[in-house]
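What's in coords36.txt: compact mmCIF, C-alpha atoms (C1' of nucleotides)
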```txt
# COMPACT_ATOMS: atom_id res chain seq x y z
CA MET Y 252 -73.38 -122.09 -52.58
CA SER Y 253 -71.91 -125.25 -51.21
CA ILE Y 254 -74.38 -127.75 -49.79
CA TYR Y 255 -71.81 -128.22 -47.04
CA ALA Y 256 -71.82 -124.51 -46.23
CA GLY Y 257 -70.68 -124.23 -42.63
CA ALA Y 258 -69.63 -121.53 -40.21
CA ASP Y 259 -66.79 -120.48 -42.49
CA SER Y 260 -68.83 -119.89 -45.65
CA TRP Y 261 -69.57 -116.45 -46.95
CA VAL Y 262 -73.14 -116.00 -45.66
CA PRO Y 263 -72.35 -116.29 -41.93
CA ARG Y 264 -69.23 -114.21 -42.36
CA ALA Y 265 -71.30 -111.52 -44.07
CA GLU Y 266 -73.85 -111.52 -41.25
CA ALA Y 267 -71.09 -111.26 -38.67
CA VAL Y 268 -69.32 -108.41 -40.46
CA LEU Y 269 -72.55 -106.47 -40.85
CA THR Y 270 -73.54 -106.92 -37.21
CA ARG Y 271 -70.08 -105.84 -36.08
CA ALA Y 272 -70.41 -102.78 -38.34
CA GLY Y 273 -73.63 -101.82 -36.58
CA TYR Y 274 -76.21 -102.94 -39.13
CA ARG Y 275 -79.47 -104.53 -38.09
CA ARG Y 276 -80.84 -107.54 -39.88
CA GLY Y 277 -83.45 -107.39 -42.62
CA GLY Y 278 -85.17 -109.63 -45.11
CA ALA Y 279 -84.12 -107.78 -48.25
CA ARG Y 280 -80.45 -107.79 -47.35
CA ARG Y 281 -80.63 -111.43 -46.38
CA ALA Y 282 -82.16 -112.31 -49.75
CA VAL Y 283 -79.47 -110.39 -51.67
CA ILE Y 284 -76.68 -112.00 -49.63
CA GLU Y 285 -78.00 -115.49 -50.23
CA LEU Y 286 -78.42 -114.85 -53.93
CA LEU Y 287 -74.87 -113.48 -54.29
CA ASP Y 288 -73.49 -116.44 -52.39
CA ALA Y 289 -75.06 -118.82 -54.90
CA GLN Y 290 -73.40 -117.17 -57.94
CA GLU Y 291 -70.35 -118.31 -59.86
CA CYS Y 292 -69.60 -114.86 -61.23
CA ALA Y 293 -70.64 -111.21 -61.09
CA LEU Y 294 -74.26 -110.06 -61.56
CA THR Y 295 -75.73 -106.66 -62.39
CA ALA Y 296 -78.17 -104.94 -60.02
CA VAL Y 297 -80.96 -105.53 -62.51
CA GLU Y 298 -80.12 -109.22 -62.78
CA ILE Y 299 -80.23 -109.43 -58.99
CA GLU Y 300 -83.62 -107.71 -58.86
CA GLU Y 301 -85.02 -110.06 -61.52
CA ALA Y 302 -83.55 -113.20 -59.99
CA LEU Y 303 -85.10 -112.37 -56.63
CA ARG Y 304 -88.47 -111.57 -58.20
CA SER Y 305 -88.45 -114.88 -60.06
CA GLU Y 306 -87.97 -116.74 -56.78
CA HIS Y 307 -90.78 -114.75 -55.14
CA ARG Y 308 -88.53 -112.68 -52.89
CA ARG Y 309 -89.23 -109.33 -54.50
CA VAL Y 310 -86.81 -106.63 -53.34
CA SER Y 311 -87.28 -103.03 -54.43
CA ARG Y 312 -84.74 -101.50 -56.74
CA ALA Y 313 -83.66 -98.87 -54.22
CA SER Y 314 -83.00 -101.61 -51.67
CA VAL Y 315 -80.89 -103.62 -54.11
CA TYR Y 316 -78.65 -100.64 -54.78
CA ARG Y 317 -78.49 -99.58 -51.14
CA ILE Y 318 -77.64 -103.10 -49.99
CA LEU Y 319 -74.95 -103.50 -52.66
CA ASP Y 320 -73.42 -100.19 -51.56
CA GLU Y 321 -73.42 -101.28 -47.92
CA LEU Y 322 -71.84 -104.63 -48.78
CA GLU Y 323 -69.21 -102.89 -50.86
CA GLN Y 324 -68.40 -100.51 -47.98
CA VAL Y 325 -67.50 -103.39 -45.70
CA ARG Y 326 -65.66 -105.24 -48.49
CA LEU Y 327 -68.09 -108.14 -48.64
CA VAL Y 328 -68.84 -107.35 -52.26
CA GLN Y 329 -66.78 -105.85 -55.05
CA ARG Y 330 -67.81 -103.94 -58.15
CA VAL Y 331 -66.70 -105.30 -61.51
CA GLU Y 332 -66.45 -102.76 -64.35
CA THR Y 333 -66.86 -104.77 -67.51
CA GLY Y 334 -67.52 -101.88 -69.86
CA GLN Y 335 -71.00 -103.24 -70.52
CA THR Y 336 -73.08 -100.22 -69.43
CA MET Y 337 -74.15 -101.93 -66.22
CA VAL Y 338 -71.81 -102.39 -63.28
CA ARG Y 339 -71.57 -105.94 -61.93
CA TYR Y 340 -71.23 -107.08 -58.33
CA GLU Y 341 -69.86 -110.25 -56.79
CA ARG Y 342 -69.07 -111.54 -53.33
CA VAL Y 343 -65.51 -111.19 -52.05
CA CYS Y 344 -63.94 -114.37 -50.69
CA GLU Y 345 -60.64 -113.82 -48.90
CA ASP Y 346 -59.11 -116.99 -50.30
CA GLU Y 347 -60.29 -116.63 -53.87
CA HIS Y 348 -59.06 -113.42 -55.50
CA HIS Y 349 -59.77 -113.32 -59.21
CA HIS Y 350 -60.16 -111.00 -62.20
CA HIS Y 351 -62.30 -111.10 -65.33
CA LEU Y 352 -62.24 -111.85 -69.04
CA VAL Y 353 -64.98 -110.17 -71.06
CA CYS Y 354 -66.00 -111.22 -74.56
CA ASP Y 355 -66.83 -107.99 -76.39
CA SER Y 356 -68.79 -109.96 -78.95
CA CYS Y 357 -71.28 -111.96 -76.88
CA GLY Y 358 -70.88 -110.36 -73.45
CA LEU Y 359 -69.66 -113.51 -71.68
CA VAL Y 360 -67.84 -112.77 -68.42
CA MET Y 361 -65.36 -115.35 -67.07
CA PRO Y 362 -63.15 -115.31 -63.97
CA PHE Y 363 -59.40 -115.93 -64.05
CA SER Y 364 -56.46 -115.57 -61.68
CA ASP Y 365 -52.70 -115.31 -62.17
CA LYS Y 366 -49.95 -115.17 -59.56
CA ALA Y 367 -47.40 -113.33 -61.71
CA LEU Y 368 -49.94 -110.62 -62.34
CA GLU Y 369 -50.69 -110.28 -58.63
CA ARG Y 370 -46.99 -109.99 -57.86
CA ALA Y 371 -46.52 -107.31 -60.51
CA ILE Y 372 -49.39 -105.31 -59.07
CA GLU Y 373 -48.19 -105.64 -55.50
CA THR Y 374 -44.73 -104.40 -56.40
CA LEU Y 375 -46.14 -101.64 -58.52
CA SER Y 376 -48.49 -100.47 -55.78
CA GLU Y 377 -45.50 -99.49 -53.67
CA ARG Y 378 -44.05 -97.17 -56.28
CA VAL Y 379 -47.09 -95.24 -57.32
CA PRO Y 380 -48.45 -91.89 -56.01
CA LEU Y 381 -51.63 -93.51 -54.71
CA ALA Y 382 -52.48 -95.52 -51.61
CA VAL Y 383 -53.86 -98.47 -53.57
CA SER Y 384 -56.87 -100.12 -51.95
CA GLU Y 385 -58.38 -102.08 -54.80
CA HIS Y 386 -57.34 -103.45 -58.12
CA GLU Y 387 -59.56 -105.02 -60.64
CA ILE Y 388 -58.37 -106.17 -64.01
CA VAL Y 389 -60.55 -106.75 -67.03
CA LEU Y 390 -59.17 -108.23 -70.22
CA HIS Y 391 -61.28 -107.69 -73.32
CA GLY Y 392 -61.35 -109.84 -76.42
CA ALA Y 393 -63.20 -112.64 -78.18
CA CYS Y 394 -64.14 -115.86 -76.40
CA GLU Y 395 -63.44 -119.24 -77.99
CA ASP Y 396 -66.90 -119.50 -79.53
CA CYS Y 397 -66.87 -115.96 -80.96
CA ALA Y 398 -63.27 -116.12 -82.19
CA ALA Y 399 -63.98 -119.32 -84.15
CA MET V 95 -50.56 -81.31 -78.68
CA SER V 96 -46.93 -80.66 -79.44
CA ILE V 97 -46.17 -77.33 -81.09
CA TYR V 98 -43.82 -79.34 -83.29
CA ALA V 99 -46.61 -81.67 -84.38
CA GLY V 100 -45.51 -83.13 -87.66
CA ALA V 101 -46.54 -85.87 -90.03
CA ASP V 102 -46.10 -88.48 -87.28
CA SER V 103 -48.34 -86.88 -84.68
CA TRP V 104 -51.72 -88.28 -83.81
CA VAL V 105 -53.97 -85.91 -85.77
CA PRO V 106 -52.65 -86.73 -89.25
CA ARG V 107 -52.48 -90.41 -88.42
CA ALA V 108 -56.12 -90.28 -87.34
CA GLU V 109 -57.15 -88.57 -90.57
CA ALA V 110 -55.25 -91.14 -92.61
CA VAL V 111 -56.72 -94.10 -90.75
CA LEU V 112 -60.25 -92.75 -91.10
CA THR V 113 -59.87 -92.06 -94.80
CA ARG V 114 -58.46 -95.52 -95.37
CA ALA V 115 -61.44 -96.94 -93.46
CA GLY V 116 -63.82 -95.20 -95.85
CA TYR V 117 -64.93 -92.24 -93.74
CA ARG V 118 -65.45 -88.80 -95.25
CA ARG V 119 -64.22 -85.69 -93.52
CA GLY V 120 -66.34 -83.48 -91.30
CA GLY V 121 -66.05 -80.51 -88.99
CA ALA V 122 -67.41 -82.16 -85.88
CA ARG V 123 -65.07 -85.13 -86.07
CA ARG V 124 -62.14 -82.84 -86.78
CA ALA V 125 -62.96 -80.76 -83.69
CA VAL V 126 -63.19 -83.85 -81.47
CA ILE V 127 -59.91 -85.23 -82.83
CA GLU V 128 -58.06 -81.99 -82.22
CA LEU V 129 -59.45 -81.69 -78.72
CA LEU V 130 -58.46 -85.26 -77.80
CA ASP V 131 -54.99 -84.70 -79.20
CA ALA V 132 -54.50 -81.75 -76.85
CA GLN V 133 -55.33 -83.75 -73.68
CA GLU V 134 -52.94 -85.22 -71.13
CA CYS V 135 -55.45 -87.78 -69.90
CA ALA V 136 -58.89 -89.25 -70.53
CA LEU V 137 -62.05 -87.11 -70.84
CA THR V 138 -65.73 -88.00 -70.54
CA ALA V 139 -68.11 -87.38 -73.44
CA VAL V 140 -69.76 -84.60 -71.45
CA GLU V 141 -66.39 -82.93 -70.79
CA ILE V 142 -65.66 -83.11 -74.50
CA GLU V 143 -69.00 -81.54 -75.38
CA GLU V 144 -68.46 -78.74 -72.87
CA ALA V 145 -64.86 -78.09 -73.86
CA LEU V 146 -65.85 -77.74 -77.51
CA ARG V 147 -68.76 -75.45 -76.66
CA SER V 148 -66.47 -73.22 -74.60
CA GLU V 149 -64.18 -72.80 -77.57
CA HIS V 150 -67.13 -71.98 -79.86
CA ARG V 151 -67.03 -75.26 -81.80
CA ARG V 152 -70.34 -76.61 -80.58
CA VAL V 153 -70.82 -80.28 -81.49
CA SER V 154 -74.10 -82.02 -80.75
CA ARG V 155 -74.18 -84.73 -78.14
CA ALA V 156 -75.16 -87.43 -80.62
CA SER V 157 -72.19 -86.53 -82.78
CA VAL V 158 -69.77 -86.67 -79.87
CA TYR V 159 -70.86 -90.20 -78.99
CA ARG V 160 -70.96 -91.36 -82.61
CA ILE V 161 -67.52 -89.96 -83.32
CA LEU V 162 -66.04 -91.53 -80.18
CA ASP V 163 -67.52 -94.88 -81.20
CA GLU V 164 -66.05 -94.58 -84.68
CA LEU V 165 -62.64 -93.64 -83.32
CA GLU V 166 -62.78 -96.56 -80.92
CA GLN V 167 -63.67 -98.96 -83.76
CA VAL V 168 -60.48 -98.10 -85.62
CA ARG V 169 -58.38 -98.11 -82.42
CA LEU V 170 -57.61 -94.41 -82.50
CA VAL V 171 -59.30 -93.94 -79.14
CA GLN V 172 -59.73 -96.20 -76.12
CA ARG V 173 -62.36 -96.25 -73.43
CA VAL V 174 -61.22 -95.94 -69.83
CA GLU V 175 -63.54 -97.43 -67.20
CA THR V 176 -62.79 -95.56 -64.01
CA GLY V 177 -65.86 -96.64 -62.09
CA GLN V 178 -67.02 -93.01 -61.95
CA THR V 179 -70.43 -93.37 -63.66
CA MET V 180 -69.14 -91.75 -66.85
CA VAL V 181 -66.87 -93.60 -69.26
CA ARG V 182 -63.71 -91.73 -70.26
CA TYR V 183 -61.99 -91.64 -73.64
CA GLU V 184 -58.41 -90.90 -74.66
CA ARG V 185 -56.35 -91.08 -77.82
CA VAL V 186 -54.26 -94.19 -78.43
CA CYS V 187 -50.59 -93.56 -79.22
CA GLU V 188 -48.68 -96.62 -80.37
CA ASP V 189 -45.54 -95.64 -78.47
CA GLU V 190 -47.17 -94.55 -75.23
CA HIS V 191 -49.20 -97.31 -73.61
CA HIS V 192 -50.37 -96.46 -70.10
CA HIS V 193 -52.94 -97.33 -67.44
CA HIS V 194 -54.75 -95.33 -64.77
CA LEU V 195 -54.81 -94.55 -61.08
CA VAL V 196 -58.15 -93.30 -59.74
CA CYS V 197 -58.58 -91.53 -56.42
CA ASP V 198 -61.93 -92.74 -55.07
CA SER V 199 -62.09 -89.78 -52.74
CA CYS V 200 -61.64 -86.78 -55.07
CA GLY V 201 -62.00 -88.41 -58.49
CA LEU V 202 -58.49 -87.53 -59.73
CA VAL V 203 -57.36 -89.70 -62.65
CA MET V 204 -53.61 -90.15 -63.27
CA PRO V 205 -51.75 -92.15 -65.91
CA PHE V 206 -49.00 -94.65 -65.08
CA SER V 207 -47.06 -97.36 -66.86
CA ASP V 208 -45.08 -100.37 -65.69
CA LYS V 209 -43.04 -102.83 -67.73
CA ALA V 210 -43.33 -105.76 -65.32
CA LEU V 211 -47.08 -105.44 -65.42
CA GLU V 212 -47.11 -105.40 -69.22
CA ARG V 213 -44.95 -108.52 -69.32
CA ALA V 214 -47.24 -110.31 -66.87
CA ILE V 215 -50.26 -109.48 -68.99
CA GLU V 216 -48.59 -110.53 -72.24
CA THR V 217 -47.64 -113.91 -70.81
CA LEU V 218 -51.02 -114.35 -69.26
CA SER V 219 -52.84 -113.50 -72.49
CA GLU V 220 -51.38 -116.63 -74.09
CA ARG V 221 -52.80 -118.95 -71.47
CA VAL V 222 -56.33 -117.72 -71.20
CA PRO V 223 -59.51 -118.89 -73.02
CA LEU V 224 -59.96 -115.52 -74.74
CA ALA V 225 -58.33 -113.89 -77.76
CA VAL V 226 -57.25 -110.80 -75.83
CA SER V 227 -57.49 -107.59 -77.82
CA GLU V 228 -57.41 -104.94 -75.14
CA HIS V 229 -56.34 -104.61 -71.58
CA GLU V 230 -56.93 -101.67 -69.36
CA ILE V 231 -55.94 -101.59 -65.75
CA VAL V 232 -57.37 -99.25 -63.14
CA LEU V 233 -55.97 -99.09 -59.63
CA HIS V 234 -58.24 -97.51 -57.04
CA GLY V 235 -57.17 -95.84 -53.83
CA ALA V 236 -56.47 -92.49 -52.22
CA CYS V 237 -54.22 -89.89 -53.85
CA GLU V 238 -51.47 -88.18 -51.89
CA ASP V 239 -53.65 -85.20 -50.98
CA CYS V 240 -56.63 -87.31 -49.90
CA ALA V 241 -54.53 -89.90 -47.99
CA ALA V 242 -52.87 -87.16 -45.92
C1' DC U 160 -70.97 -78.68 -111.31
C1' DC U 161 -74.18 -82.38 -109.59
C1' DA U 162 -76.26 -85.83 -107.48
C1' DA U 163 -75.65 -89.84 -104.00
C1' DG U 164 -75.04 -90.58 -99.78
C1' DA U 165 -72.23 -89.58 -95.64
C1' DA U 166 -71.89 -86.25 -91.60
C1' DT U 167 -74.21 -83.39 -88.43
C1' DG U 168 -77.70 -81.00 -85.30
C1' DA U 169 -81.72 -80.88 -82.61
C1' DG U 170 -84.30 -82.85 -79.54
C1' DA U 171 -87.26 -86.69 -78.13
C1' DC U 172 -86.56 -90.92 -75.82
C1' DT U 173 -84.66 -94.90 -72.79
C1' DC U 174 -83.42 -96.80 -68.69
C1' DA U 175 -79.80 -97.58 -65.05
C1' DG U 176 -79.24 -95.50 -60.93
C1' DT U 177 -80.75 -91.95 -57.15
C1' DC U 178 -83.77 -89.72 -53.93
C1' DT U 179 -87.88 -89.14 -51.05
C1' DT U 180 -91.25 -90.49 -48.01
C1' DA U 181 -94.39 -93.44 -45.74
C1' DT U 182 -94.59 -97.88 -43.66
C1' DG U 183 -92.73 -102.08 -41.55
C1' DA U 184 -89.22 -104.59 -38.75
C1' DT U 185 -85.46 -104.96 -35.17
C1' DA U 186 -83.30 -104.91 -30.82
C1' DG U 187 -81.91 -102.76 -26.53
C1' DG U 188 -83.91 -101.08 -22.27
C1' DT U 189 -87.48 -101.82 -19.02
C1' DA X 214 -92.70 -110.13 -23.03
C1' DC X 215 -93.52 -105.28 -24.24
C1' DC X 216 -92.09 -100.46 -25.92
C1' DT X 217 -90.28 -97.49 -28.82
C1' DA X 218 -86.40 -95.22 -30.98
C1' DT X 219 -84.56 -95.91 -35.05
C1' DC X 220 -83.00 -98.69 -38.73
C1' DA X 221 -84.62 -101.30 -43.00
C1' DT X 222 -87.64 -101.56 -46.85
C1' DA X 223 -91.14 -100.59 -50.68
C1' DA X 224 -93.01 -97.78 -54.01
C1' DG X 225 -92.44 -94.77 -57.29
C1' DA X 226 -91.06 -90.10 -58.80
C1' DC X 227 -86.96 -88.20 -60.56
C1' DT X 228 -82.17 -87.46 -62.87
C1' DG X 229 -79.05 -87.57 -66.40
C1' DA X 230 -75.81 -90.23 -69.35
C1' DG X 231 -76.26 -92.35 -73.48
C1' DT X 232 -79.29 -93.68 -77.76
C1' DC X 233 -82.27 -93.03 -81.65
C1' DT X 234 -84.64 -90.61 -85.39
C1' DC X 235 -84.94 -87.75 -88.97
C1' DA X 236 -84.46 -83.43 -91.38
C1' DT X 237 -80.68 -80.67 -93.06
C1' DT X 238 -75.94 -79.74 -94.50
C1' DC X 239 -71.64 -81.00 -96.32
C1' DT X 240 -68.17 -84.20 -99.13
C1' DT X 241 -66.66 -86.27 -102.85
C1' DG X 242 -66.54 -89.17 -107.07
C1' DG X 243 -68.07 -88.72 -111.68
```
Any chance you could give the structure as structure tokens?
Amino acid sequence: MSIYAGADSWVPRAEAVLTRAGYRRGGARRAVIELLDAQECALTAVEIEEALRSEHRRVSRASVYRILDELEQVRLVQRVETGQTMVRYERVCEDEHHHHLVCDSCGLVMPFSDKALERAIETLSERVPLAVSEHEIVLHGACEDCAA
Amino acid sequence: MSIYAGADSWVPRAEAVLTRAGYRRGGARRAVIELLDAQECALTAVEIEEALRSEHRRVSRASVYRILDELEQVRLVQRVETGQTMVRYERVCEDEHHHHLVCDSCGLVMPFSDKALERAIETLSERVPLAVSEHEIVLHGACEDCAA
DNA sequence: CCAAGAATGAGACTCAGTCTTATGATAGGT
DNA sequence: ACCTATCATAAGACTGAGTCTCATTCTTGG
């Protein structure tokens, strides 16, 4: 989370989107939103629960999952399937679309982005028997430490 | 499974690869291999267990998972993460690389392939801080029936 | 044919994710 | 500012995909 976070950062946008969608406010959702905003990359639901507990803002497991579902519905959060048993979640920023590299050896997850890849997917989406709404690419392999 | 299945089909190749890797033969693994060879697209472990039971070749759950892991180790099978709670598995054919479209409304899974996309990923794999071993792309959206 | 040890089955077990229900908080109407 | 309908949350029981253990069965090299 930027220390200069202003009206255009993710937290206020999230609040606005939720209000517009008819949600009321609540402490648990607020805590989850602020935590997600402070992350560099995707977290699992369990990691979120533990992180909040460790900063004395305990949120029940059911609430974590419900809140993540709600945020996903309104496209404030996206799921990341890393093939690591637990699904990961991260905030969606309109100006910062990225995908993920997963090290199958140590579990490290890193973001990446590539314009040629985006173009290929856009073109492809037109020619396929599916109204594509989401795409999410995960490349598996060995990170620099593990490959060495 | 082609009715003309010959020495170059997937089943014999699988047997050869497994033998070379030091595995013995066994009825359960044989049953799983033959079932996977007969599929058009990816199955879940539970679907595999049920399909085998319905054709009177009951294989225990532990064996299904162990066998799928073994087959994945030697690259005879690949996991497909569709974001549908259960992981899917399908045979890997050297000459038939494809990806998947998932309908988030009805759960339909369809294969597709695209050369421009493959090229983009190949190029990209060179420039990324990961020794890429696998890539698996899932596009989410609404299928023609559900979009209508 | 005979071990040595791999393959399998059966079922207990784990734990991420879901569901239920009682309680607490929010916001529009007064 | 208060009321109250109703949404948000906590707590914890519950579900089920996937794992683990271990006794038994099958393969295969010698």
Set out as CSV a contact list for chain Y and chain X with a cut-off of 8 Å, giving each residue of chain Y that qualifies its closest atom pair and distance in Å to one decimal, counting only C-alpha atoms (C1' of nucleotides), ordered by chain and rising residue number.
```
residue,atom,partner,partner_atom,distance
Y:Arg275,CA,X:DC220,C1',6.9
Y:Arg276,CA,X:DA221,C1',7.9
Y:Gly277,CA,X:DA221,C1',6.2
Y:Ala279,CA,X:DT222,C1',7.3
Y:Val310,CA,X:DA223,C1',7.9
Y:Ser311,CA,X:DA223,C1',5.9
Y:Ser314,CA,X:DT222,C1',6.7
```
Produce a table with one row for each residue of chain V that has an atom at most 6 Å from any atom of chain Y, each row naming the nearest atom pair and its distance in Å at one decimal; use all atoms listed in the file; arrange rows by chain and rising residue number; format as CSV.
```
residue,atom,partner,partner_atom,distance
V:Ala210,CA,Y:Ala371,CA,6.0
V:Leu211,CA,Y:Ala371,CA,5.3
V:Ala214,CA,Y:Leu368,CA,5.3
V:Leu224,CA,Y:Cys394,CA,4.5
V:Ala225,CA,Y:Ala393,CA,5.0
V:Val226,CA,Y:Gly392,CA,4.3
V:Ser227,CA,Y:Gly392,CA,4.7
V:Glu228,CA,Y:His391,CA,5.1
V:His229,CA,Y:Leu390,CA,4.8
V:Ile231,CA,Y:Ile388,CA,5.5
V:Leu233,CA,Y:His386,CA,4.8
V:His234,CA,Y:Glu385,CA,5.1
V:Gly235,CA,Y:Val383,CA,4.2
V:Ala236,CA,Y:Ala382,CA,5.0
V:Cys237,CA,Y:Leu381,CA,4.5
```
Any idea which chain U residues end up within 12 Å of chain V if we count all atoms listed in the file, as a ChimeraX atom specification please? /U:164-170,175-176
So that I can see what lies close to Val283 in chain Y, please list as an MDAnalysis selection string the residues with an atom at most 8 Å from it, counting all atoms listed in the file and leaving out residues fewer than 6 positions away in the same chain. chainID Y and resid 299 303 315 318
Tell me, in Å to one decimal, how far CA of Arg264 in chain Y is from CA of Cys344 in chain Y.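 Straight-line distance from CA of Arg264 in chain Y to CA of Cys344 in chain Y works out to 9.9 Å.
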Could you work out how far CA of His191 in chain V lies from CA of Cys135 in chain V, giving the answer in Å with one decimal?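 These two atoms are separated by 12.0 Å.
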For a test of reading the model, state the distance in Å between CA of Val328 in chain Y and CA of Gly273 in chain Y, rounded to one decimal.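 So the answer is 17.3 Å.
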Would you mind telling me which residue in Y:Ser260, Y:Tyr316, Y:Ala267, Y:Leu287 lies nearest to DT177 in chain U when using only C-alpha atoms (C1' of nucleotides)?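 Going through Y:Ser260, Y:Tyr316, Y:Ala267, Y:Leu287 one by one, the smallest distance to DT177 in chain U is for Y:Tyr316.
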